[in-house]
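Asks: Please find input18.tsv (TSV, C-alpha atoms and all ligand atoms) on the next line:
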```tsv
chain	number	residue	atom	x	y	z
Z	1	MET	CA	-3.54	0.50	-27.21
Z	2	ARG	CA	-3.69	3.69	-25.18
Z	3	GLU	CA	-0.98	6.10	-24.10
Z	4	ILE	CA	-1.18	7.16	-20.49
Z	5	THR	CA	0.90	9.03	-17.96
Z	6	LEU	CA	1.46	7.93	-14.39
Z	7	THR	CA	3.56	9.71	-11.81
Z	8	VAL	CA	4.85	6.98	-9.52
Z	9	ASN	CA	6.77	7.83	-6.35
Z	10	GLY	CA	7.55	11.22	-7.84
Z	11	GLN	CA	8.72	9.96	-11.20
Z	12	ARG	CA	6.68	10.62	-14.33
Z	13	HIS	CA	6.20	7.72	-16.72
Z	14	GLU	CA	4.59	7.59	-20.12
Z	15	LEU	CA	3.45	4.16	-21.15
Z	16	THR	CA	1.30	2.38	-23.66
Z	17	VAL	CA	-1.23	-0.10	-22.31
Z	18	GLU	CA	-4.15	-2.10	-23.50
Z	19	PRO	CA	-7.49	-0.74	-22.28
Z	20	ARG	CA	-7.94	-3.92	-20.21
Z	21	THR	CA	-4.57	-3.69	-18.45
Z	22	LEU	CA	-5.06	-3.46	-14.70
Z	23	LEU	CA	-3.28	-0.72	-12.81
Z	24	VAL	CA	-1.41	-3.30	-10.73
Z	25	THR	CA	-0.22	-5.01	-13.90
Z	26	ALA	CA	0.96	-1.75	-15.40
Z	27	LEU	CA	2.86	-0.92	-12.21
Z	28	ARG	CA	4.46	-4.32	-11.88
Z	29	GLU	CA	5.06	-5.40	-15.43
Z	30	GLU	CA	5.34	-2.20	-17.44
Z	31	LEU	CA	7.08	-0.02	-14.88
Z	32	ASP	CA	8.75	-2.65	-12.66
Z	33	TYR	CA	7.27	-1.43	-9.38
Z	34	ARG	CA	6.84	-4.92	-7.99
Z	35	GLY	CA	6.02	-3.96	-4.42
Z	36	ALA	CA	2.28	-4.19	-4.92
Z	37	ASN	CA	1.46	-7.89	-4.92
Z	38	VAL	CA	-1.31	-9.69	-6.72
Z	39	GLY	CA	-3.25	-11.98	-4.44
Z	40	CYS	CA	-6.82	-12.33	-5.63
Z	41	GLU	CA	-7.41	-9.85	-8.49
Z	42	THR	CA	-10.95	-9.51	-7.19
Z	43	GLY	CA	-10.56	-6.66	-4.72
Z	44	ARG	CA	-10.68	-8.86	-1.64
Z	45	CYS	CA	-7.18	-9.35	-0.33
Z	46	GLY	CA	-5.62	-5.89	-0.41
Z	47	ALA	CA	-2.15	-7.16	-1.38
Z	48	CYS	CA	-2.16	-4.77	-4.34
Z	49	THR	CA	-2.93	-1.62	-2.32
Z	50	VAL	CA	-1.22	1.58	-3.46
Z	51	ARG	CA	-2.10	5.25	-3.07
Z	52	GLN	CA	-3.73	7.04	-5.97
Z	53	ASP	CA	-3.93	10.80	-5.53
Z	54	GLY	CA	-3.61	10.33	-1.78
Z	55	ASP	CA	-6.20	7.58	-1.33
Z	56	ALA	CA	-5.37	3.96	-0.60
Z	57	ILE	CA	-6.85	1.90	-3.42
Z	58	LYS	CA	-6.71	-1.70	-4.56
Z	59	SER	CA	-4.86	-1.45	-7.81
Z	60	CYS	CA	-6.39	-4.66	-9.20
Z	61	THR	CA	-9.82	-3.06	-9.13
Z	62	ARG	CA	-9.17	-0.44	-11.79
Z	63	PHE	CA	-7.71	-0.27	-15.22
Z	64	ALA	CA	-4.49	1.58	-15.83
Z	65	VAL	CA	-6.29	3.90	-18.26
Z	66	GLN	CA	-8.55	4.98	-15.40
Z	67	ALA	CA	-5.48	6.21	-13.57
Z	68	ASP	CA	-4.19	8.25	-16.51
Z	69	GLY	CA	-2.64	11.44	-15.14
Z	70	ALA	CA	-2.74	10.22	-11.54
Z	71	THR	CA	-0.13	10.39	-8.84
Z	72	ILE	CA	0.59	6.92	-7.54
Z	73	GLU	CA	2.56	5.98	-4.45
Z	74	THR	CA	3.74	2.44	-3.94
Z	75	VAL	CA	5.48	0.75	-1.06
Z	76	GLU	CA	8.81	1.40	-2.77
Z	77	GLY	CA	8.25	5.10	-2.11
Z	78	LEU	CA	7.69	4.83	1.65
Z	79	ALA	CA	11.32	4.74	2.71
Z	80	ASP	CA	13.50	7.80	2.37
Z	81	ASP	CA	16.54	6.28	0.64
Z	82	ASP	CA	17.84	3.84	3.27
Z	83	GLU	CA	15.76	5.27	6.08
Z	84	LEU	CA	12.62	3.27	6.71
Z	85	ALA	CA	9.34	5.07	7.20
Z	86	PRO	CA	7.95	4.85	10.77
Z	87	ILE	CA	5.34	2.31	9.69
Z	88	GLN	CA	8.03	0.09	8.20
Z	89	GLU	CA	10.22	0.41	11.29
Z	90	GLN	CA	7.36	-0.58	13.53
Z	91	PHE	CA	6.35	-3.56	11.40
Z	92	GLN	CA	9.94	-4.70	11.75
Z	93	GLU	CA	10.08	-4.01	15.51
Z	94	ASN	CA	6.75	-5.63	16.25
Z	95	HIS	CA	7.14	-8.61	13.93
Z	96	GLY	CA	4.14	-7.46	11.90
Z	97	LEU	CA	4.92	-9.84	9.07
Z	98	GLN	CA	5.80	-13.42	8.39
Z	99	CYS	CA	5.75	-14.40	4.71
Z	100	GLY	CA	5.45	-10.73	3.77
Z	101	TYR	CA	3.01	-11.20	0.93
Z	102	CYS	CA	0.34	-8.96	2.43
Z	103	THR	CA	2.88	-6.50	3.80
Z	104	PRO	CA	3.18	-3.93	0.97
Z	105	GLY	CA	-0.57	-3.50	0.85
Z	106	MET	CA	-0.87	-3.53	4.61
Z	107	LEU	CA	1.80	-0.83	4.91
Z	108	MET	CA	0.11	1.39	2.33
Z	109	THR	CA	-3.29	1.03	3.98
Z	110	ALA	CA	-1.88	1.63	7.45
Z	111	ASP	CA	0.28	4.56	6.41
Z	112	THR	CA	-2.67	6.21	4.67
Z	113	PHE	CA	-4.94	5.58	7.65
Z	114	LEU	CA	-2.44	7.16	10.04
Z	115	ARG	CA	-2.32	10.37	8.04
Z	116	ASP	CA	-5.75	11.24	9.40
Z	117	ALA	CA	-6.07	9.10	12.51
Z	118	ASP	CA	-4.99	10.74	15.69
Z	119	ASP	CA	-4.36	8.23	18.48
Z	120	PRO	CA	-6.58	5.49	17.01
Z	121	SER	CA	-7.98	2.71	19.16
Z	122	ARG	CA	-7.12	-0.90	18.38
Z	123	GLU	CA	-10.65	-1.35	17.12
Z	124	GLU	CA	-10.26	1.58	14.73
Z	125	ILE	CA	-7.00	0.09	13.51
Z	126	ARG	CA	-8.66	-3.27	12.93
Z	127	ASP	CA	-11.46	-1.53	11.00
Z	128	ALA	CA	-8.91	0.33	8.89
Z	129	ILE	CA	-7.17	-2.86	7.78
Z	130	GLU	CA	-10.24	-5.00	7.33
Z	131	GLY	CA	-9.78	-4.91	3.56
Z	132	ASN	CA	-6.26	-6.32	3.83
Z	133	LEU	CA	-6.03	-10.03	4.46
Z	134	CYS	CA	-3.12	-11.73	6.17
Z	135	ARG	CA	-2.87	-15.49	6.28
Z	136	CYS	CA	0.09	-15.68	8.61
Z	137	THR	CA	0.13	-13.31	11.53
Z	138	GLY	CA	-3.32	-13.44	13.10
Z	139	TYR	CA	-3.22	-9.62	12.84
Z	140	HIS	CA	-2.23	-9.05	16.46
Z	141	ASN	CA	1.32	-7.96	15.68
Z	142	ILE	CA	0.13	-5.89	12.74
Z	143	VAL	CA	-2.22	-3.98	15.02
Z	144	ASP	CA	0.65	-3.61	17.52
Z	145	ALA	CA	2.84	-2.18	14.77
Z	146	ILE	CA	0.25	0.32	13.61
Z	147	GLU	CA	-0.51	1.36	17.18
Z	148	ALA	CA	3.21	1.83	17.86
Z	149	THR	CA	3.54	3.92	14.71
Z	150	ALA	CA	0.66	6.13	15.82
Z	151	ASP	CA	2.41	6.58	19.18
Z	152	GLN	CA	5.72	7.35	17.49
Z	153	LEU	CA	4.14	9.89	15.16
Z	154	GLY	CA	2.27	11.45	18.09
Z	155	GLU	CA	5.52	11.87	19.99
Z	156	THR	CA	7.28	13.56	17.11
Z	157	GLU	CA	4.51	16.06	16.40
F	1	LIG	S1	-4.95	-8.52	-5.65
F	1	LIG	FE1	-6.05	-6.70	-5.47
F	1	LIG	S2	-7.33	-6.95	-3.78
F	1	LIG	FE2	-6.35	-8.90	-4.01
F	2	LIG	S1	2.55	-12.05	6.50
F	2	LIG	FE1	1.96	-13.71	5.20
F	2	LIG	S2	0.05	-13.05	4.42
F	2	LIG	FE2	0.53	-11.56	5.90
```
Take the structure I supplied and represent it as C-alpha cells, if you would.

Replies:
Amino acid sequence: MREITLTVNGQRHELTVEPRTLLVTALREELDYRGANVGCETGRCGACTVRQDGDAIKSCTRFAVQADGATIETVEGLADDDELAPIQEQFQENHGLQCGYCTPGMLMTADTFLRDADDPSREEIRDAIEGNLCRCTGYHNIVDAIEATADQLGETE
C-alpha cells in the first residue's frame, strides 16, 4: 500500500492506495468524487476525464500513485456552489446530453479546451472532443453547446 496526497477541487486528501489502483478508482471509491464515470477503462471513451494540474486527462489511464501530489479537478468542481459554469449552462440550454454518461468527461474536455481556444470553429471543437465518445446525441448538440459557451465567454471578456 502507498500513501499519497491528492488535492481535489481545492480540498487536500491523504489516502492509502494499492500501487495498481487507478486514479479514477481512487477518486470515485476512496474519495467519493463520482462525477468521473468509468466506461471502458482502456482510454478510449473519455467518460473518466478530469483535469490533472490543468490538463484534461483520462483518469483510467494512470495509477493513483502517479498522481501523488497533483491538483485534480473533477466535474463536481465546475459549478460555483449552485451557479453552473458556462459550459454546464450551455449543455443544458442546447440539450447537449441525453443519458448523461459521457457528460462529465465531455464537460471537462470542453472546459479545458475553451481555456485556450479563442472563437474555435466547429471543426476545431469536433477535434477537441474526438477522445470523448457519446452514444446518444450524435454530437451535434454537444458541438452547439461548446460553440455557444465560446460565444458566451467571448462576450464576457
Ligand atoms: S473509462 Fe477512461 S477512457 Fe473510458
Ligand atoms: S449522452 Fe449518453 S453517452 Fe453521451

Asks: Please extract the residues at most 6 Å from ligand LIG 1 (chain F), counting only C-alpha atoms and all ligand atoms, and provide them as a PyMOL selection string, using the chain letters and residue numbers of this document.

Replies: chain Z and resi 38-48+58-60

Asks: Considering all atoms listed in the file, can you say which of Z:Arg34, Z:Arg2, Z:Arg62, Z:Arg115 comes closest to Z:Thr16?

Replies: Z:Arg2

Asks: Pick out the residues sitting within 6 Å of stretch 51-55 of chain Z, and hand them over as a ChimeraX atom specification; count all atoms listed in the file, and ignore anything fewer than 2 positions along from it in its own chain.

Replies: /Z:57,71-73

Asks: Just want the residues within 7 Å of ligand LIG 2 (chain F), written as a PyMOL selection string, counting only C-alpha atoms and all ligand atoms.

Replies: chain Z and resi 97-103+133-137

Asks: Report the distance between atom CA of Z:Asp80 and atom CA of Z:Ala64 in Å, rounded to one decimal place.

Replies: 26.3 Å

Asks: Using all atoms listed in the file, pick whichever of Z:Tyr33, Z:Phe113, Z:Tyr139, Z:Phe91 has the shortest atom-to-atom distance to Z:Glu76.

Replies: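 Checking each of Z:Tyr33, Z:Phe113, Z:Tyr139, Z:Phe91 against Z:Glu76, counting all atoms listed in the file, the winner is Z:Tyr33.
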
Asks: Can I get the residues of stretch 66-128 of chain Z within 12 Å of stretch 148-154 of chain Z, each with the closest pair of atoms and their distance in Å to one decimal, using only C-alpha atoms, sorted chain first then ascending number, as CSV?

Replies:
```
residue,atom,partner,partner_atom,distance
Z:Ala85,CA,Z:Thr149,CA,9.6
Z:Pro86,CA,Z:Thr149,CA,6.0
Z:Ile87,CA,Z:Thr149,CA,5.6
Z:Gln88,CA,Z:Thr149,CA,8.8
Z:Glu89,CA,Z:Thr149,CA,8.3
Z:Gln90,CA,Z:Thr149,CA,6.0
Z:Phe91,CA,Z:Thr149,CA,8.6
Z:Gln92,CA,Z:Thr149,CA,11.1
Z:Glu93,CA,Z:Ala148,CA,9.3
Z:Asn94,CA,Z:Ala148,CA,8.4
Z:His95,CA,Z:Ala148,CA,11.8
Z:Gly96,CA,Z:Ala148,CA,11.1
Z:Leu107,CA,Z:Thr149,CA,11.0
Z:Ala110,CA,Z:Thr149,CA,9.3
Z:Asp111,CA,Z:Thr149,CA,8.9
Z:Thr112,CA,Z:Ala150,CA,11.6
Z:Phe113,CA,Z:Ala150,CA,9.9
Z:Leu114,CA,Z:Ala150,CA,6.6
Z:Arg115,CA,Z:Ala150,CA,9.3
Z:Asp116,CA,Z:Ala150,CA,10.4
Z:Ala117,CA,Z:Ala150,CA,8.1
Z:Asp118,CA,Z:Ala150,CA,7.3
Z:Asp119,CA,Z:Ala150,CA,6.1
Z:Pro120,CA,Z:Ala150,CA,7.4
Z:Ser121,CA,Z:Ala150,CA,9.9
Z:Arg122,CA,Z:Ala148,CA,10.7
Z:Glu124,CA,Z:Ala150,CA,11.9
Z:Ile125,CA,Z:Ala150,CA,10.0
```

Asks: Using atom CA of Z:Ala128 and atom CA of Z:Asp82 as the two end points, give the distance in Å to one decimal.

Replies: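 Separation of atom CA of Z:Ala128 and atom CA of Z:Asp82: 27.6 Å.
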
Asks: Which of these residues is nearest to Z:Ala36, using only C-alpha atoms: Z:Leu78, Z:Val50, Z:Met1, Z:Leu84?

Replies: Z:Val50

Asks: For Z:Gly105, which residue among Z:Val8, Z:Ala56, Z:Val143, Z:Ala67 is the nearest when counting all atoms listed in the file?

Replies: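 Among the listed residues, Z:Ala56 lies closest to Z:Gly105.
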
Asks: Tell me which of Z:Thr49, Z:Met108, Z:Arg126, Z:Ile4 sits closest to Z:Ala79, counting only C-alpha atoms.

Replies: Z:Met108

Asks: Quote the spacing between atom CA of Z:Asn141 and atom CA of Z:Val75 in Å to one decimal place.

Replies: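 Computing the Euclidean distance for atom CA of Z:Asn141 and atom CA of Z:Val75 yields 19.3 Å.
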
Asks: I'd like to know which of Z:Pro104, Z:Thr7, Z:Asn132, Z:Glu123 is closest to Z:Glu147, using all atoms listed in the file.

Replies: Z:Glu123

Asks: Please complete stretch 89-120 of chain Z so it has N, CA and C atoms, and hand it over as a compact mmCIF listing (two decimals), in the coordinates of the input.

Replies:
```txt
# COMPACT_ATOMS: atom_id res chain seq x y z
N GLU Z 89 9.42 0.69 10.09
CA GLU Z 89 10.22 0.41 11.29
C GLU Z 89 9.41 -0.38 12.30
N GLN Z 90 8.17 0.05 12.49
CA GLN Z 90 7.36 -0.58 13.53
C GLN Z 90 6.89 -1.97 13.11
N PHE Z 91 6.66 -2.19 11.84
CA PHE Z 91 6.35 -3.56 11.40
C PHE Z 91 7.55 -4.47 11.69
N GLN Z 92 8.74 -3.92 11.49
CA GLN Z 92 9.94 -4.70 11.75
C GLN Z 92 10.07 -4.97 13.26
N GLU Z 93 9.94 -3.90 14.05
CA GLU Z 93 10.08 -4.01 15.51
C GLU Z 93 9.07 -4.96 16.13
N ASN Z 94 7.85 -4.88 15.63
CA ASN Z 94 6.75 -5.63 16.25
C ASN Z 94 6.45 -6.96 15.55
N HIS Z 95 7.33 -7.34 14.67
CA HIS Z 95 7.14 -8.61 13.93
C HIS Z 95 5.76 -8.64 13.27
N GLY Z 96 5.46 -7.58 12.54
CA GLY Z 96 4.14 -7.46 11.90
C GLY Z 96 4.05 -8.20 10.57
N LEU Z 97 4.99 -9.07 10.31
CA LEU Z 97 4.92 -9.84 9.07
C LEU Z 97 5.58 -11.20 9.26
N GLN Z 98 5.14 -12.11 8.43
CA GLN Z 98 5.80 -13.42 8.39
C GLN Z 98 6.23 -13.69 6.95
N CYS Z 99 5.32 -14.15 6.10
CA CYS Z 99 5.75 -14.40 4.71
C CYS Z 99 5.96 -13.10 3.95
N GLY Z 100 5.26 -12.04 4.38
CA GLY Z 100 5.45 -10.73 3.77
C GLY Z 100 4.59 -10.44 2.55
N TYR Z 101 3.77 -11.41 2.17
CA TYR Z 101 3.01 -11.20 0.93
C TYR Z 101 1.98 -10.07 1.08
N CYS Z 102 1.36 -10.00 2.23
CA CYS Z 102 0.34 -8.96 2.43
C CYS Z 102 0.98 -7.62 2.79
N THR Z 103 2.26 -7.65 3.13
CA THR Z 103 2.88 -6.50 3.80
C THR Z 103 2.87 -5.20 2.99
N PRO Z 104 3.22 -5.21 1.70
CA PRO Z 104 3.18 -3.93 0.97
C PRO Z 104 1.80 -3.26 1.02
N GLY Z 105 0.78 -4.06 0.81
CA GLY Z 105 -0.57 -3.50 0.85
C GLY Z 105 -0.96 -3.05 2.24
N MET Z 106 -0.56 -3.86 3.22
CA MET Z 106 -0.87 -3.53 4.61
C MET Z 106 -0.18 -2.21 4.99
N LEU Z 107 1.05 -2.06 4.60
CA LEU Z 107 1.80 -0.83 4.91
C LEU Z 107 1.14 0.39 4.27
N MET Z 108 0.71 0.24 3.02
CA MET Z 108 0.11 1.39 2.33
C MET Z 108 -1.23 1.77 2.96
N THR Z 109 -2.01 0.75 3.33
CA THR Z 109 -3.29 1.03 3.98
C THR Z 109 -3.06 1.69 5.34
N ALA Z 110 -2.13 1.11 6.10
CA ALA Z 110 -1.88 1.63 7.45
C ALA Z 110 -1.30 3.04 7.40
N ASP Z 111 -0.36 3.25 6.51
CA ASP Z 111 0.28 4.56 6.41
C ASP Z 111 -0.75 5.63 6.01
N THR Z 112 -1.63 5.27 5.11
CA THR Z 112 -2.67 6.21 4.67
C THR Z 112 -3.64 6.49 5.82
N PHE Z 113 -4.03 5.44 6.50
CA PHE Z 113 -4.94 5.58 7.65
C PHE Z 113 -4.35 6.52 8.70
N LEU Z 114 -3.06 6.36 8.97
CA LEU Z 114 -2.44 7.16 10.04
C LEU Z 114 -2.25 8.62 9.67
N ARG Z 115 -2.42 8.94 8.41
CA ARG Z 115 -2.32 10.37 8.04
C ARG Z 115 -3.46 11.18 8.66
N ASP Z 116 -4.59 10.52 8.85
CA ASP Z 116 -5.75 11.24 9.40
C ASP Z 116 -6.14 10.78 10.79
N ALA Z 117 -5.62 9.65 11.23
CA ALA Z 117 -6.07 9.10 12.51
C ALA Z 117 -5.15 9.58 13.62
N ASP Z 118 -5.75 10.23 14.58
CA ASP Z 118 -4.99 10.74 15.69
C ASP Z 118 -5.25 9.81 16.87
N ASP Z 119 -4.22 9.11 17.34
CA ASP Z 119 -4.36 8.23 18.48
C ASP Z 119 -5.52 7.22 18.31
N PRO Z 120 -5.47 6.43 17.26
CA PRO Z 120 -6.58 5.49 17.01
C PRO Z 120 -6.62 4.37 18.03
```
